[in-house]
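Below is one structure, written out as structure tokens; the observations come after it.
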Amino acid sequence: MKFGARTIKTGLSVAIVLLIAEAFQFQQIVVPALAASLALLPSVYQTGLRLIEEMKGNLIGALLSVLFLLLTPNPTPIAIGFVIIIAISILLFLNLESTTRTVILTTILIMEGASQSDMPVWVFAGERYLLIMMGITVALIVNALLFPPRYERKLEAQITDTFQMVVRIARLFAETEGGRSSFESLPETKKLHSDSKQTYAYFEEEIKANRWLEKKTPIFRRAVLKSKMIETNRAALHVIEKLDHDFHTIEQLPPQLSEELYRHIRHLLRRHERLFSAYELENEHLIDREEDLIHENFDFAKLMIERMREEEEELILIVVPLVATMTDWVKAMNELERYLVTEMKKHGDNLKVEPRKKWFFEDR
């Protein structure tokens, strides 16, 4: 059994809310606890946005409930359903659909409970509204202060793992001629790459949430570098997907053309490896800046097309799109190289995040 940081924070948020509700002797202590459990999101930035959205959405639900209670002090189930329909329609119009669940809860609690309470309608509705906001606010504070999400290290690990899996697949195909079995780990690699993009989105949100603290730090440069590394992995993965998709047709290439294809893939792969090794070892001299892979890729395309005219022209329809994906890979590597070399010369000591000890519980 493994405890995640979000699991601990959710339980702690609910416990704190229940203690506060009991201390102030609120009757509906379940309401803020439920709101706290729904509001705890993967990043501090998202939780903060949710707080603002919940303030707006629940205010709409509370005001509509009070308005209909003034018109019909003893609402029927049909009337409550009608109010919920109007509330949801307004939320959708204002792009506040993420608050729908708590707004429905607020509306039902106010309309059902106000008729049985001795408090004025406005006071009763205000108390329920504050209970919801209290739960969400506690979740935000706990998320920000207790084990705050740190996505940069997780992102760096995912980028490195994706790179290693891409290299493994490409090497099996181009060096050992592993056949179709070379692509067995392709689905897992694509999933890991997709996870790295999602983690990068959380990392960006983390920067936004802490931008008032981070103005004088290199975190922005590291974010740009990691985005280019993700893009380079994506481009390499696209080439591998193309090879997998057209594998049976590529098998029909004459031996000389097959060897030329393998050689070219190995050359592109070496550039990819050198770039990532230069970053890992913080050594720009590992990068061979004399290589001109754009022209080499163009020469490879011309060679393949000229030779295939003598063999089987139908293969051109396979090779040309493949060369296009290789060109995309080369461009991504060139972008990464330019940025990496420039930053290494200016800020070489600040490009990598320091590794940390792995805790029993981690951010999820």
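Quick note on naming: the chains in the structure tokens go A, B, ... in the order shown, residues restart at 1 in each chain, and ligands are numbered from 1 in order of appearance.
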Quick one: DSSP helix (DSSP H, G or I) residues in segment 82-279 of chain A, as JSON, numbers by chain? {"A": [82, 83, 84, 85, 86, 87, 88, 89, 90, 91, 92, 93, 97, 98, 99, 100, 101, 102, 103, 104, 105, 106, 107, 108, 109, 110, 111, 112, 113, 114, 121, 122, 123, 124, 125, 126, 127, 128, 129, 130, 131, 132, 133, 134, 135, 136, 137, 138, 139, 140, 141, 142, 143, 144, 145, 151, 152, 153, 154, 155, 156, 157, 158, 159, 160, 161, 162, 163, 164, 165, 166, 167, 168, 169, 170, 171, 172, 173, 174, 179, 180, 181, 182, 183, 186, 187, 188, 189, 190, 191, 192, 193, 194, 195, 196, 197, 198, 199, 200, 201, 202, 203, 204, 205, 206, 207, 208, 209, 211, 212, 213, 214, 219, 220, 221, 222, 223, 224, 225, 226, 227, 228, 229, 230, 231, 232, 233, 234, 235, 236, 237, 238, 239, 240, 241, 242, 243, 244, 245, 247, 248, 249, 250, 255, 256, 257, 258, 259, 260, 261, 262, 263, 264, 265, 266, 267, 268, 269, 270, 271, 272, 273, 274, 275, 276, 277, 278, 279]}
Could you give me, as a ChimeraX atom specification, the residues within 7 Å of Gly57 of chain A, counting only C-alpha atoms and dropping anything in the same chain fewer than 5 positions from it?
/A:91,96,99,103
Just checking: using only C-alpha atoms, which residue out of A:Glu97, A:Ala15, A:Leu172, A:Phe26 ends up closest to Leu131 of chain A?
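Once distances to Leu131 of chain A are computed over only C-alpha atoms, the minimum belongs to A:Phe26.
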query = If we count only C-alpha atoms, what is near Tyr339 of chain A at a cut-off of 12 Å, once residues fewer than 3 positions away on the same chain are taken out, given as a ChimeraX atom specification?
reply = /A:221-229,275,279,284,332-336,342-348,351
Suppose we keep N, CA and C atoms; can you now write the selection as a JSON list (two decimals), in the first residue's frame?
[["chain", "number", "residue", "atom", "x", "y", "z"],
["A", 221, "ARG", "N", 13.70, 29.48, -17.61],
["A", 221, "ARG", "CA", 14.60, 28.94, -18.64],
["A", 221, "ARG", "C", 14.53, 27.42, -18.66],
["A", 222, "ARG", "N", 14.44, 26.81, -17.49],
["A", 222, "ARG", "CA", 14.34, 25.35, -17.43],
["A", 222, "ARG", "C", 13.02, 24.88, -18.05],
["A", 223, "ALA", "N", 11.96, 25.64, -17.86],
["A", 223, "ALA", "CA", 10.67, 25.27, -18.44],
["A", 223, "ALA", "C", 10.73, 25.28, -19.96],
["A", 224, "VAL", "N", 11.36, 26.31, -20.54],
["A", 224, "VAL", "CA", 11.50, 26.38, -22.00],
["A", 224, "VAL", "C", 12.34, 25.21, -22.51],
["A", 225, "LEU", "N", 13.43, 24.91, -21.81],
["A", 225, "LEU", "CA", 14.30, 23.80, -22.22],
["A", 225, "LEU", "C", 13.55, 22.48, -22.18],
["A", 226, "LYS", "N", 12.78, 22.26, -21.14],
["A", 226, "LYS", "CA", 12.04, 21.01, -21.03],
["A", 226, "LYS", "C", 10.97, 20.90, -22.11],
["A", 227, "SER", "N", 10.36, 22.01, -22.49],
["A", 227, "SER", "CA", 9.37, 21.97, -23.56],
["A", 227, "SER", "C", 10.02, 21.55, -24.88],
["A", 228, "LYS", "N", 11.25, 22.00, -25.12],
["A", 228, "LYS", "CA", 11.97, 21.62, -26.35],
["A", 228, "LYS", "C", 12.41, 20.16, -26.29],
["A", 229, "MET", "N", 12.73, 19.67, -25.11],
["A", 229, "MET", "CA", 13.08, 18.26, -24.98],
["A", 229, "MET", "C", 11.86, 17.37, -25.23],
["A", 275, "LEU", "N", 22.54, 15.18, -27.59],
["A", 275, "LEU", "CA", 21.88, 16.35, -27.01],
["A", 275, "LEU", "C", 21.44, 16.07, -25.58],
["A", 279, "TYR", "N", 23.00, 17.56, -21.93],
["A", 279, "TYR", "CA", 22.20, 18.15, -20.86],
["A", 279, "TYR", "C", 22.44, 17.41, -19.54],
["A", 284, "GLU", "N", 28.53, 20.92, -23.02],
["A", 284, "GLU", "CA", 28.14, 21.31, -24.38],
["A", 284, "GLU", "C", 29.07, 20.75, -25.44],
["A", 332, "ALA", "N", 13.39, 19.73, -34.73],
["A", 332, "ALA", "CA", 13.22, 19.76, -33.27],
["A", 332, "ALA", "C", 14.56, 19.65, -32.57],
["A", 333, "MET", "N", 15.45, 18.79, -33.08],
["A", 333, "MET", "CA", 16.77, 18.67, -32.48],
["A", 333, "MET", "C", 17.59, 19.94, -32.65],
["A", 334, "ASN", "N", 17.47, 20.58, -33.81],
["A", 334, "ASN", "CA", 18.21, 21.83, -34.02],
["A", 334, "ASN", "C", 17.73, 22.92, -33.06],
["A", 335, "GLU", "N", 16.42, 22.98, -32.84],
["A", 335, "GLU", "CA", 15.88, 23.97, -31.90],
["A", 335, "GLU", "C", 16.41, 23.70, -30.49],
["A", 336, "LEU", "N", 16.39, 22.43, -30.10],
["A", 336, "LEU", "CA", 16.89, 22.06, -28.78],
["A", 336, "LEU", "C", 18.38, 22.38, -28.66],
["A", 342, "THR", "N", 23.19, 27.79, -26.04],
["A", 342, "THR", "CA", 23.14, 29.18, -25.57],
["A", 342, "THR", "C", 23.00, 29.26, -24.06],
["A", 343, "GLU", "N", 22.09, 28.44, -23.51],
["A", 343, "GLU", "CA", 21.86, 28.48, -22.06],
["A", 343, "GLU", "C", 23.03, 27.90, -21.28],
["A", 344, "MET", "N", 23.69, 26.90, -21.85],
["A", 344, "MET", "CA", 24.84, 26.33, -21.15],
["A", 344, "MET", "C", 25.97, 27.34, -21.02],
["A", 345, "LYS", "N", 26.13, 28.17, -22.02],
["A", 345, "LYS", "CA", 27.19, 29.17, -21.97],
["A", 345, "LYS", "C", 26.87, 30.26, -20.96],
["A", 346, "LYS", "N", 25.59, 30.60, -20.84],
["A", 346, "LYS", "CA", 25.20, 31.70, -19.95],
["A", 346, "LYS", "C", 24.84, 31.25, -18.55],
["A", 347, "HIS", "N", 24.11, 30.11, -18.48],
["A", 347, "HIS", "CA", 23.56, 29.69, -17.18],
["A", 347, "HIS", "C", 23.76, 28.19, -16.98],
["A", 348, "GLY", "N", 24.93, 27.69, -17.26],
["A", 348, "GLY", "CA", 25.15, 26.25, -17.22],
["A", 348, "GLY", "C", 24.86, 25.61, -15.88],
["A", 351, "LEU", "N", 20.60, 24.89, -15.15],
["A", 351, "LEU", "CA", 19.71, 24.26, -16.11],
["A", 351, "LEU", "C", 19.06, 22.99, -15.58]]
All residues 9 Å or closer to segment 254-269 of chain A, only C-alpha atoms, same chain fewer than 4 positions away omitted, as a tab-separated table (two decimals) with C-alpha atoms, in the first residue's frame:
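Writing done, so here's result.tsv:
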chain	number	residue	atom	x	y	z
A	167	VAL	CA	16.37	5.13	-28.16
A	170	ALA	CA	15.04	2.88	-32.65
A	171	ARG	CA	18.19	0.89	-31.88
A	173	PHE	CA	14.98	-1.47	-35.44
A	174	ALA	CA	18.08	0.11	-37.01
A	175	GLU	CA	20.98	-1.76	-35.44
A	177	GLU	CA	17.07	-5.52	-37.25
A	236	ALA	CA	11.42	11.02	-32.68
A	250	ILE	CA	9.47	-0.95	-45.69
A	273	GLU	CA	21.51	10.93	-27.73
A	274	ARG	CA	24.29	13.52	-27.73
A	293	LEU	CA	21.33	17.08	-40.70
A	296	GLU	CA	21.85	15.24	-45.03
A	297	ASN	CA	18.16	14.40	-44.68
A	300	PHE	CA	18.95	10.90	-48.15
A	303	LEU	CA	19.05	9.09	-52.95
A	304	MET	CA	16.08	6.96	-51.93
A	307	ARG	CA	17.07	4.43	-56.56
A	308	MET	CA	13.42	3.52	-56.07
A	311	GLU	CA	12.96	-0.62	-58.44
A	326	MET	CA	12.54	12.75	-40.11
A	329	TRP	CA	12.76	15.37	-35.96
A	330	VAL	CA	15.87	17.16	-37.25
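Coordinates place atom CA of His245 of chain A at a distance of 12.7 Å from atom CA of Glu184 of chain A.
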Next on the checklist: Under the rule that only C-alpha atoms are counted, which of A:Val138, A:Leu243, A:Ile219, A:Leu340 is the nearest residue to Leu51 of chain A?
Outcome noted: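 Ranking A:Val138, A:Leu243, A:Ile219, A:Leu340 by distance to Leu51 of chain A, first place goes to A:Val138.
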Checklist entry - Of the residues A:Arg128, A:Arg180, A:Lys154, A:Arg101, which is the one nearest to Asp195 of chain A, using only C-alpha atoms? => result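 For Asp195 of chain A, the nearest of the candidates is A:Lys154.
Distances here use only C-alpha atoms; by that measure, the residue among A:Ile60, A:Ile230, A:Leu109, A:Ile104 closest to Ile90 of chain A is A:Ile60.
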re atom CA of Leu237 of chain A and atom CA of Ile207 of chain A: distance 27.6 Å
Excluding segment 71-88 of chain A and residues on its chain fewer than 4 positions from it, collect all residues at most 10 Å away from it, counting only C-alpha atoms, and give them as a PyMOL selection string. chain A and resi 57-58+60-67+92-94+96-97+99-101+103-108+110-112+114-116+121
message = Using only C-alpha atoms, can you tell me which of A:Arg338, A:Arg150, A:Arg168, A:Arg6 comes closest to Thr199 of chain A?
response =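 Nearest candidate to Thr199 of chain A out of A:Arg338, A:Arg150, A:Arg168, A:Arg6: A:Arg150.
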